[in-house]
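Coordinates as given in query.txt (compact mmCIF, C-alpha atoms):
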# COMPACT_ATOMS: atom_id res chain seq x y z
CA MET A 27 -19.97 6.42 4.58
CA SER A 28 -18.22 9.75 4.84
CA THR A 29 -19.59 12.13 7.47
CA HIS A 30 -18.79 15.12 5.30
CA TYR A 31 -21.91 14.65 3.19
CA ALA A 32 -25.64 14.78 3.83
CA LYS A 33 -26.90 11.17 4.13
CA PRO A 34 -28.54 10.68 0.70
CA LEU A 35 -25.45 12.20 -0.92
CA ALA A 36 -23.13 9.96 1.12
CA ARG A 37 -25.20 6.95 0.05
CA LEU A 38 -24.95 7.85 -3.65
CA VAL A 39 -21.19 8.45 -3.35
CA GLY A 40 -20.95 5.04 -1.66
CA GLU A 41 -22.93 3.35 -4.44
CA PHE A 42 -20.74 4.94 -7.13
CA GLU A 43 -17.59 3.87 -5.26
CA LYS A 44 -18.67 0.23 -5.59
CA LEU A 45 -18.44 0.48 -9.38
CA PRO A 46 -15.27 -0.77 -11.08
CA GLY A 47 -12.64 1.88 -11.77
CA ILE A 48 -14.47 4.51 -9.68
CA GLY A 49 -12.43 5.80 -6.74
CA PRO A 50 -13.66 8.09 -3.95
CA LYS A 51 -12.81 11.23 -5.96
CA SER A 52 -14.63 10.12 -9.11
CA ALA A 53 -17.57 8.90 -7.02
CA GLN A 54 -17.92 12.36 -5.51
CA ARG A 55 -17.68 14.01 -8.92
CA LEU A 56 -20.36 11.70 -10.32
CA ALA A 57 -22.68 12.32 -7.35
CA PHE A 58 -22.29 16.09 -7.70
CA HIS A 59 -22.97 15.71 -11.41
CA VAL A 60 -26.23 13.87 -10.66
CA LEU A 61 -27.24 16.82 -8.45
CA ARG A 62 -26.49 19.29 -11.22
CA ILE A 63 -28.12 17.71 -14.29
CA PRO A 64 -31.83 18.15 -15.12
CA GLU A 65 -34.04 15.87 -13.00
CA ASP A 66 -35.28 13.87 -16.00
CA GLU A 67 -31.71 12.97 -16.95
CA ALA A 68 -31.06 11.63 -13.46
CA HIS A 69 -34.24 9.58 -13.67
CA ALA A 70 -33.25 8.30 -17.13
CA LEU A 71 -29.96 7.03 -15.69
CA ALA A 72 -31.69 5.31 -12.76
CA ALA A 73 -34.33 3.81 -15.07
CA ALA A 74 -31.70 2.50 -17.49
CA ILE A 75 -29.96 0.69 -14.60
CA VAL A 76 -33.16 -0.99 -13.43
CA ASP A 77 -34.28 -1.65 -17.00
CA VAL A 78 -31.10 -3.43 -18.05
CA ARG A 79 -31.54 -5.84 -15.15
CA THR A 80 -35.15 -6.68 -15.99
CA THR A 81 -34.77 -7.05 -19.76
CA ILE A 82 -31.27 -8.34 -20.51
CA LYS A 83 -30.57 -12.08 -20.50
CA TYR A 84 -28.23 -14.48 -22.28
CA CYS A 85 -28.88 -15.47 -25.90
CA ARG A 86 -29.94 -19.14 -25.73
CA VAL A 87 -27.76 -19.90 -28.77
CA CYS A 88 -24.47 -18.01 -28.38
CA GLY A 89 -24.57 -16.65 -24.81
CA ASN A 90 -24.35 -12.97 -25.85
CA PHE A 91 -26.41 -10.38 -23.94
CA THR A 92 -29.83 -9.86 -25.52
CA ASP A 93 -33.32 -8.60 -24.70
CA GLN A 94 -34.82 -11.31 -26.95
CA ASP A 95 -34.62 -15.12 -26.71
CA THR A 96 -31.98 -15.15 -29.42
CA CYS A 97 -29.60 -12.24 -30.04
CA PHE A 98 -29.61 -10.06 -33.17
CA ILE A 99 -26.41 -11.67 -34.45
CA CYS A 100 -27.68 -15.26 -34.25
CA THR A 101 -30.94 -14.29 -35.99
CA ASP A 102 -29.25 -12.19 -38.72
CA PRO A 103 -29.65 -14.13 -42.02
CA ARG A 104 -26.62 -12.34 -43.49
CA ARG A 105 -24.24 -13.84 -40.93
CA ASP A 106 -22.21 -16.86 -42.03
CA GLN A 107 -23.40 -19.73 -39.78
CA SER A 108 -20.52 -21.93 -40.93
CA LEU A 109 -17.90 -19.68 -39.31
CA MET A 110 -17.90 -19.53 -35.49
CA CYS A 111 -15.77 -17.27 -33.32
CA ILE A 112 -15.41 -18.46 -29.72
CA VAL A 113 -14.81 -15.73 -27.13
CA ALA A 114 -14.57 -15.77 -23.35
CA GLU A 115 -16.89 -12.85 -22.54
CA ALA A 116 -19.64 -10.81 -24.21
CA ARG A 117 -17.35 -7.76 -24.07
CA ASP A 118 -14.88 -9.60 -26.33
CA LEU A 119 -17.72 -10.19 -28.80
CA ILE A 120 -18.45 -6.43 -28.77
CA ALA A 121 -14.76 -5.68 -29.42
CA MET A 122 -14.77 -8.09 -32.36
CA GLU A 123 -18.01 -6.62 -33.76
CA LYS A 124 -16.56 -3.12 -33.63
CA THR A 125 -13.94 -4.12 -36.19
CA ASN A 126 -16.76 -4.69 -38.72
CA GLU A 127 -14.54 -7.45 -40.16
CA PHE A 128 -16.13 -10.60 -38.85
CA ARG A 129 -19.30 -11.83 -40.59
CA GLY A 130 -19.69 -15.21 -38.90
CA VAL A 131 -21.42 -16.08 -35.62
CA TYR A 132 -20.17 -16.28 -32.03
CA HIS A 133 -20.08 -18.56 -29.05
CA VAL A 134 -19.52 -16.93 -25.66
CA LEU A 135 -17.92 -19.25 -23.10
CA GLN A 136 -18.70 -16.91 -20.19
CA GLY A 137 -15.27 -17.42 -18.72
CA VAL A 138 -11.97 -19.22 -19.23
CA ILE A 139 -10.48 -22.28 -17.57
CA SER A 140 -8.65 -21.01 -14.48
CA PRO A 141 -7.35 -23.51 -11.92
CA MET A 142 -6.21 -20.55 -9.78
CA GLU A 143 -9.79 -19.30 -9.49
CA GLY A 144 -11.32 -22.77 -9.40
CA VAL A 145 -12.98 -22.44 -12.80
CA GLY A 146 -13.04 -25.80 -14.61
CA PRO A 147 -14.45 -26.58 -18.09
CA ASP A 148 -17.79 -27.53 -16.45
CA ARG A 149 -18.36 -23.87 -15.55
CA LEU A 150 -18.12 -22.75 -19.18
CA ARG A 151 -20.75 -23.00 -21.94
CA ILE A 152 -19.10 -26.06 -23.47
CA ALA A 153 -22.14 -28.40 -23.55
CA GLU A 154 -23.93 -25.71 -25.61
CA LEU A 155 -20.89 -25.52 -27.89
CA GLN A 156 -20.91 -29.28 -28.46
CA ASP A 157 -24.64 -29.10 -29.31
CA ARG A 158 -24.04 -26.42 -31.90
CA LEU A 159 -21.01 -28.08 -33.47
CA SER A 160 -22.73 -31.48 -33.76
CA GLY A 161 -25.23 -29.89 -36.16
CA GLY A 162 -22.63 -30.18 -38.92
CA ILE A 163 -23.11 -26.57 -40.11
CA VAL A 164 -19.99 -25.01 -38.62
CA ARG A 165 -16.91 -25.54 -40.83
CA GLU A 166 -14.39 -23.31 -39.05
CA VAL A 167 -14.00 -22.36 -35.40
CA ILE A 168 -11.84 -19.35 -34.55
CA LEU A 169 -10.57 -19.55 -30.97
CA ALA A 170 -10.51 -15.92 -29.87
CA THR A 171 -9.85 -16.19 -26.14
CA ASN A 172 -7.24 -13.74 -24.84
CA PRO A 173 -3.50 -14.34 -25.49
CA THR A 174 -2.95 -15.11 -21.79
CA VAL A 175 -2.01 -18.33 -20.01
CA GLU A 176 -5.67 -18.98 -19.20
CA GLY A 177 -6.93 -17.94 -22.64
CA ASP A 178 -4.32 -20.09 -24.39
CA THR A 179 -5.07 -23.04 -22.10
CA THR A 180 -8.79 -22.76 -22.77
CA ALA A 181 -8.20 -22.56 -26.52
CA MET A 182 -5.95 -25.61 -26.45
CA TYR A 183 -8.44 -27.54 -24.31
CA LEU A 184 -11.34 -26.76 -26.64
CA ALA A 185 -9.32 -27.68 -29.73
CA ARG A 186 -7.94 -31.01 -28.44
CA ASN A 187 -10.57 -32.26 -25.99
CA ILE A 188 -13.81 -30.93 -27.40
CA ILE A 189 -13.84 -29.88 -31.06
CA LYS A 190 -11.39 -32.34 -32.62
CA PRO A 191 -12.96 -35.46 -30.98
CA LEU A 192 -16.45 -34.26 -31.92
CA ASP A 193 -15.81 -33.57 -35.61
CA PRO A 194 -12.24 -33.82 -36.97
CA SER A 195 -13.36 -32.15 -40.22
CA ILE A 196 -13.93 -28.77 -38.51
CA LYS A 197 -11.04 -26.35 -39.16
CA ILE A 198 -9.73 -24.93 -35.87
CA THR A 199 -7.83 -21.63 -35.89
CA ARG A 200 -6.39 -19.33 -33.21
CA ILE A 201 -6.22 -15.53 -33.41
CA ALA A 202 -2.66 -14.33 -34.00
CA HIS A 203 -0.38 -13.33 -31.14
CA GLY A 204 2.13 -10.59 -31.94
CA MET A 205 2.94 -6.88 -31.88
CA PRO A 206 -0.09 -4.61 -31.51
CA ALA A 207 -0.70 -2.11 -34.34
CA GLY A 208 1.30 1.07 -33.76
CA GLY A 209 3.35 -0.68 -31.10
CA ASP A 210 7.01 -0.03 -30.42
CA LEU A 211 9.47 -2.93 -30.13
CA ASP A 212 11.47 -0.92 -27.65
CA TYR A 213 8.48 -0.77 -25.29
CA ALA A 214 7.00 -4.20 -25.97
CA ASP A 215 7.22 -6.81 -23.21
CA GLN A 216 9.25 -9.97 -23.73
CA ALA A 217 6.25 -12.28 -24.05
CA THR A 218 4.84 -10.14 -26.86
CA LEU A 219 8.15 -10.10 -28.71
CA ILE A 220 8.51 -13.86 -28.34
CA SER A 221 4.98 -14.30 -29.75
CA ALA A 222 5.77 -11.90 -32.58
CA LEU A 223 8.76 -14.08 -33.48
CA GLU A 224 6.95 -17.37 -33.09
CA TRP A 225 3.95 -16.25 -35.14
CA ARG A 226 6.03 -14.64 -37.89
CA ARG A 227 4.86 -15.18 -41.45
CA GLU A 228 6.74 -15.24 -44.71
CA LEU A 229 6.26 -12.18 -46.87
CA THR A 230 5.28 -13.13 -50.42
CA MET B 10 -26.45 4.42 -29.63
CA SER B 11 -24.16 1.61 -30.68
CA THR B 12 -25.78 -1.14 -32.71
CA HIS B 13 -23.49 -3.74 -31.14
CA TYR B 14 -25.63 -3.97 -28.00
CA ALA B 15 -29.17 -5.06 -27.21
CA LYS B 16 -31.29 -1.89 -26.84
CA PRO B 17 -31.59 -1.65 -23.01
CA LEU B 18 -27.86 -2.28 -22.75
CA ALA B 19 -27.10 0.37 -25.38
CA ARG B 20 -29.30 2.81 -23.48
CA LEU B 21 -27.48 2.20 -20.19
CA VAL B 22 -24.08 2.52 -21.90
CA GLY B 23 -25.35 5.80 -23.39
CA GLU B 24 -26.49 7.08 -19.98
CA PHE B 25 -23.13 6.22 -18.39
CA GLU B 26 -21.28 7.95 -21.25
CA LYS B 27 -23.03 11.22 -20.36
CA LEU B 28 -21.34 11.21 -16.95
CA PRO B 29 -18.18 13.30 -16.50
CA GLY B 30 -14.89 11.43 -16.98
CA ILE B 31 -16.67 8.33 -18.34
CA GLY B 32 -15.62 7.44 -21.89
CA PRO B 33 -17.20 4.78 -24.12
CA LYS B 34 -14.92 2.06 -22.75
CA SER B 35 -15.64 2.83 -19.10
CA ALA B 36 -19.35 3.18 -19.86
CA GLN B 37 -19.37 -0.32 -21.31
CA ARG B 38 -17.47 -1.71 -18.33
CA LEU B 39 -19.92 -0.07 -15.91
CA ALA B 40 -22.94 -1.39 -17.82
CA PHE B 41 -21.53 -4.93 -17.84
CA HIS B 42 -20.83 -4.54 -14.12
CA VAL B 43 -24.49 -3.62 -13.51
CA LEU B 44 -25.48 -6.82 -15.33
CA ARG B 45 -23.18 -8.91 -13.14
CA ILE B 46 -23.88 -7.61 -9.62
CA PRO B 47 -26.78 -8.93 -7.47
CA GLU B 48 -30.09 -7.39 -8.52
CA ASP B 49 -30.60 -5.61 -5.18
CA GLU B 50 -27.27 -3.81 -5.59
CA ALA B 51 -28.34 -2.52 -9.00
CA HIS B 52 -31.60 -1.32 -7.51
CA ALA B 53 -29.75 0.33 -4.62
CA LEU B 54 -27.66 2.31 -7.12
CA ALA B 55 -30.73 3.40 -9.10
CA ALA B 56 -32.60 4.30 -5.91
CA ALA B 57 -29.65 6.34 -4.59
CA ILE B 58 -29.64 8.38 -7.81
CA VAL B 59 -33.37 9.14 -7.63
CA ASP B 60 -33.20 9.69 -3.87
CA VAL B 61 -30.41 12.25 -4.00
CA ARG B 62 -32.49 14.32 -6.41
CA THR B 63 -35.62 14.28 -4.26
CA THR B 64 -33.96 14.91 -0.88
CA ILE B 65 -30.88 17.07 -1.45
CA LYS B 66 -31.19 20.86 -1.55
CA TYR B 67 -29.03 23.86 -0.67
CA CYS B 68 -28.53 24.84 2.96
CA ARG B 69 -30.46 28.12 3.35
CA VAL B 70 -27.58 29.55 5.41
CA CYS B 71 -24.32 28.54 3.74
CA GLY B 72 -25.37 26.99 0.40
CA ASN B 73 -23.87 23.55 1.12
CA PHE B 74 -25.76 20.43 0.01
CA THR B 75 -28.11 19.14 2.73
CA ASP B 76 -31.21 17.02 3.22
CA GLN B 77 -32.41 19.39 5.97
CA ASP B 78 -33.27 23.10 5.84
CA THR B 79 -29.91 23.93 7.37
CA CYS B 80 -26.82 21.75 6.94
CA PHE B 81 -25.11 19.80 9.73
CA ILE B 82 -22.18 22.23 9.81
CA CYS B 83 -24.30 25.37 10.26
CA THR B 84 -26.32 23.70 13.04
CA ASP B 85 -23.28 22.24 14.84
CA PRO B 86 -22.89 24.18 18.14
CA ARG B 87 -19.19 23.28 18.29
CA ARG B 88 -18.40 25.20 15.10
CA ASP B 89 -16.94 28.68 15.49
CA GLN B 90 -19.54 31.03 13.99
CA SER B 91 -17.10 33.95 14.10
CA LEU B 92 -14.80 32.36 11.50
CA MET B 93 -16.18 32.01 7.97
CA CYS B 94 -14.52 30.24 5.05
CA ILE B 95 -15.82 31.30 1.64
CA VAL B 96 -15.57 28.68 -1.12
CA ALA B 97 -16.74 28.57 -4.72
CA GLU B 98 -18.39 25.14 -4.72
CA ALA B 99 -19.72 22.56 -2.25
CA ARG B 100 -16.96 20.18 -3.36
CA ASP B 101 -14.37 22.70 -2.10
CA LEU B 102 -16.14 22.67 1.27
CA ILE B 103 -15.84 18.87 1.36
CA ALA B 104 -12.13 19.10 0.54
CA MET B 105 -11.65 21.58 3.38
CA GLU B 106 -13.66 19.42 5.82
CA LYS B 107 -11.53 16.40 4.98
CA THR B 108 -8.49 18.16 6.46
CA ASN B 109 -10.24 18.13 9.88
CA GLU B 110 -8.40 21.41 10.52
CA PHE B 111 -11.11 24.01 10.01
CA ARG B 112 -13.60 24.47 12.86
CA GLY B 113 -15.43 27.56 11.59
CA VAL B 114 -18.42 27.80 9.23
CA TYR B 115 -18.67 28.12 5.45
CA HIS B 116 -20.27 30.18 2.75
CA VAL B 117 -20.61 28.56 -0.67
CA LEU B 118 -20.72 31.09 -3.53
CA GLN B 119 -21.89 28.46 -6.04
CA GLY B 120 -19.51 29.76 -8.67
CA VAL B 121 -16.82 32.34 -9.36
CA ILE B 122 -16.87 35.57 -11.31
CA SER B 123 -16.06 34.64 -14.90
CA PRO B 124 -16.47 37.26 -17.64
CA MET B 125 -15.48 34.57 -20.17
CA GLU B 126 -18.48 32.44 -19.20
CA GLY B 127 -20.75 35.40 -18.56
CA VAL B 128 -20.90 34.87 -14.79
CA GLY B 129 -21.14 38.19 -12.93
CA PRO B 130 -21.33 38.77 -9.16
CA ASP B 131 -25.16 38.76 -9.40
CA ARG B 132 -25.07 35.03 -10.18
CA LEU B 133 -23.24 34.21 -6.94
CA ARG B 134 -24.64 33.92 -3.40
CA ILE B 135 -23.37 37.40 -2.44
CA ALA B 136 -26.63 38.88 -1.12
CA GLU B 137 -26.80 35.96 1.31
CA LEU B 138 -23.18 36.65 2.30
CA GLN B 139 -23.95 40.31 3.01
CA ASP B 140 -26.92 39.25 5.16
CA ARG B 141 -24.74 36.94 7.22
CA LEU B 142 -21.86 39.39 7.65
CA SER B 143 -24.15 42.24 8.69
CA GLY B 144 -25.09 40.21 11.77
CA GLY B 145 -21.81 41.30 13.38
CA ILE B 146 -20.90 37.77 14.51
CA VAL B 147 -18.27 36.96 11.89
CA ARG B 148 -14.83 38.35 12.83
CA GLU B 149 -12.68 36.73 10.13
CA VAL B 150 -13.45 35.74 6.56
CA ILE B 151 -11.07 33.32 4.83
CA LEU B 152 -11.33 33.64 1.05
CA ALA B 153 -10.76 30.08 -0.17
CA THR B 154 -11.60 30.31 -3.84
CA ASN B 155 -9.13 28.53 -6.13
CA PRO B 156 -5.71 30.08 -6.87
CA THR B 157 -6.77 30.77 -10.48
CA VAL B 158 -7.40 34.03 -12.33
CA GLU B 159 -11.13 33.68 -11.70
CA GLY B 160 -10.73 32.56 -8.10
CA ASP B 161 -8.30 35.38 -7.34
CA THR B 162 -10.56 37.93 -9.05
CA THR B 163 -13.57 36.75 -7.08
CA ALA B 164 -11.62 36.90 -3.81
CA MET B 165 -10.40 40.42 -4.58
CA TYR B 166 -13.90 41.55 -5.56
CA LEU B 167 -15.43 40.18 -2.35
CA ALA B 168 -12.75 41.76 -0.19
CA ARG B 169 -12.79 45.24 -1.76
CA ASN B 170 -16.36 45.66 -2.97
CA ILE B 171 -18.41 43.63 -0.53
CA ILE B 172 -16.82 42.81 2.82
CA LYS B 173 -14.66 45.89 3.48
CA PRO B 174 -17.46 48.43 2.67
CA LEU B 175 -19.94 46.42 4.79
CA ASP B 176 -17.81 46.13 7.93
CA PRO B 177 -14.17 47.31 7.90
CA SER B 178 -13.56 45.59 11.24
CA ILE B 179 -13.85 42.11 9.71
CA LYS B 180 -10.43 40.54 9.15
CA ILE B 181 -10.12 39.31 5.54
CA THR B 182 -7.58 36.60 4.70
CA ARG B 183 -6.73 34.61 1.59
CA ILE B 184 -5.54 30.98 1.54
CA ALA B 185 -1.82 30.78 0.74
CA HIS B 186 -0.58 30.24 -2.81
CA GLY B 187 2.67 28.28 -3.11
CA MET B 188 4.30 24.93 -3.60
CA PRO B 189 2.06 21.92 -2.95
CA ALA B 190 3.18 19.51 -0.21
CA GLY B 191 5.58 16.94 -1.61
CA GLY B 192 5.99 19.01 -4.76
CA ASP B 193 9.19 19.31 -6.74
CA LEU B 194 10.54 22.73 -7.77
CA ASP B 195 11.96 21.19 -10.89
CA TYR B 196 8.47 20.13 -12.02
CA ALA B 197 6.49 23.09 -10.68
CA ASP B 198 5.01 25.51 -13.21
CA GLN B 199 6.18 29.11 -13.32
CA ALA B 200 3.02 30.59 -11.82
CA THR B 201 3.33 28.30 -8.79
CA LEU B 202 6.99 29.24 -8.28
CA ILE B 203 6.20 32.95 -8.59
CA SER B 204 3.44 32.53 -5.98
CA ALA B 205 5.80 30.57 -3.74
CA LEU B 206 8.24 33.48 -3.89
CA GLU B 207 5.62 36.18 -3.44
CA TRP B 208 3.99 34.42 -0.49
CA ARG B 209 7.28 33.57 1.23
CA ARG B 210 7.43 33.96 4.99
CA GLU B 211 10.27 34.70 7.33
CA LEU B 212 11.45 31.77 9.39
CA THR B 213 11.67 32.65 13.08

Can I see the file as structure tokens?
Amino acid sequence: MSTHYAKPLARLVGEFEKLPGIGPKSAQRLAFHVLRIPEDEAHALAAAIVDVRTTIKYCRVCGNFTDQDTCFICTDPRRDQSLMCIVAEARDLIAMEKTNEFRGVYHVLQGVISPMEGVGPDRLRIAELQDRLSGGIVREVILATNPTVEGDTTAMYLARNIIKPLDPSIKITRIAHGMPAGGDLDYADQATLISALEWRRELT
Amino acid sequence: MSTHYAKPLARLVGEFEKLPGIGPKSAQRLAFHVLRIPEDEAHALAAAIVDVRTTIKYCRVCGNFTDQDTCFICTDPRRDQSLMCIVAEARDLIAMEKTNEFRGVYHVLQGVISPMEGVGPDRLRIAELQDRLSGGIVREVILATNPTVEGDTTAMYLARNIIKPLDPSIKITRIAHGMPAGGDLDYADQATLISALEWRRELT
């Protein structure tokens, strides 16, 4: 803790510094902000932090964050239960939802296979996935893990070792790899350009 | 509040978004981080926020943040009470302290004169400054407001209208304006270069 601050202030700066993407400078700015805002706003922030820990759990169906037993997507009767999008993390689900394009349901793996970090398939929500797929309702699975070595490996593993053996009639798709919208070929990395070539599609 | 999140999560994301320099993306990352860390760490963060509001106040002498009546700088017998550095905000005091170069005491104005934002001298801690200077102990005042129009105006106002009339024997200095360390003339803005010329010093 820095000796330049009064103790409670140093402690708050220290707590903010532990947060991801918050350096010492930002931590100080945040702490000074907390001192400046109305007291009830500071309490609202503290309460929200405690509250999220007491109320939020994993959806027992898809693994999304929820304050109910089952999340609002899984219980929404308008969602297409025959179309399942598999993502690594809840934040990927949020990103997908923000597009307002996907009307199916999700399955959150809560990780990807990563030999480097000692994460095997047993650490992911794969048993839950098998349970859901054996119900015979899902007709297409979209593998939406990241276009990285680990994301691609996980997608391939799920397709070949889990989904196909369980029910060969389920259609298995992978999100496209290619140039991001608004991207510039001149600034794109090699791997992206190679994907953009490999995944090219005939114009009709 | 976004409808993509469970309510307590949306509320926490919303609270984080209110903080300075935290956009929607960072707010989401912070909220997810709070869900991932051990529960006692989340509580420590919340407690530090509440705690800082209940314990931190302004030093009755210099205006710095403190959890005592008088801050640890003002009560430090090793500090030179005859040398006073005047800063706009407590964060400027911290920046100065981090240099480990200044061994005098401070006076925090808690703002600068800003006609644009309707801040006149009456809103600053100037009466308290006059009180301190009339004690006859301070022999030099370093005006360390920012090298901006408002900072320069405030410094000039304090020198001519407050300090000089009160005690003409007090030495009044202004922090140097010029090129920042490691800076590049080619990238410096005009105002900085003009200052660097104006404030030039003969090499001996």

Atom-to-atom span, CA of Glu24 in chain B and CA of Val43 in chain B, Å: 12.7 Å

Proximity to Glu43 in chain A - best of B:Ile82, B:Leu152, B:Leu54, B:Leu118, all atoms listed in the file: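 Looking only at the distances to Glu43 in chain A, the closest residue turns out to be B:Leu54.
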
Please build the interface table for chain B against chain A with a cut-off of 6 Å, listing for each qualifying residue the nearest atom pair and the distance in Å to one decimal; count only C-alpha atoms, order rows by chain and increasing number, and write it as JSON lines.
{"residue": "B:Ala15", "atom": "CA", "partner": "A:Thr92", "partner_atom": "CA", "distance": 5.1}
{"residue": "B:Pro17", "atom": "CA", "partner": "A:Val78", "partner_atom": "CA", "distance": 5.3}
{"residue": "B:Leu18", "atom": "CA", "partner": "A:Val78", "partner_atom": "CA", "distance": 5.8}
{"residue": "B:Leu21", "atom": "CA", "partner": "A:Ala74", "partner_atom": "CA", "distance": 5.0}
{"residue": "B:Glu24", "atom": "CA", "partner": "A:Leu71", "partner_atom": "CA", "distance": 5.5}
{"residue": "B:Leu54", "atom": "CA", "partner": "A:Glu41", "partner_atom": "CA", "distance": 5.5}
{"residue": "B:Ala55", "atom": "CA", "partner": "A:Ala72", "partner_atom": "CA", "distance": 4.2}
{"residue": "B:Ala57", "atom": "CA", "partner": "A:Leu38", "partner_atom": "CA", "distance": 5.0}
{"residue": "B:Val61", "atom": "CA", "partner": "A:Pro34", "partner_atom": "CA", "distance": 5.3}
{"residue": "B:Thr75", "atom": "CA", "partner": "A:Ala32", "partner_atom": "CA", "distance": 5.1}

Atom-to-atom span, CA of Tyr115 in chain B and CA of Ala164 in chain B, Å: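 According to the coordinates, CA of Tyr115 in chain B and CA of Ala164 in chain B are separated by 14.6 Å.
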
Polymer residues at most 10 Å from range 206-219 of chain A, all atoms listed in the file, same-chain spacing of 6 or more positions, as a VMD selection string: chain A and resid 173 to 174 225

12 Å contact set for Val158 in chain B, only C-alpha atoms, chain neighbours under 4 positions out, as a ChimeraX atom specification: /B:121-125,154,162-165,200

Separation of CA of Leu155 in chain A from CA of Ser221 in chain A in Å: 28.3 Å

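The shortest atom-to-atom distance to Leu150 in chain A, with all atoms listed in the file taken into account, belongs to A:Ala114 out of A:Ala114, A:Tyr183, A:Glu224, A:Ala170.
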
12 Å contact set for Gly144 in chain B, all atoms listed in the file, chain neighbours under 4 positions out, as a list of chain:residue names: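 Counting only the stated atoms, we get B:Gln90, B:Ser91, B:Glu137, B:Leu138, B:Gln139, B:Asp140, B:Arg148, B:Leu175, B:Asp176, B:Ile179.
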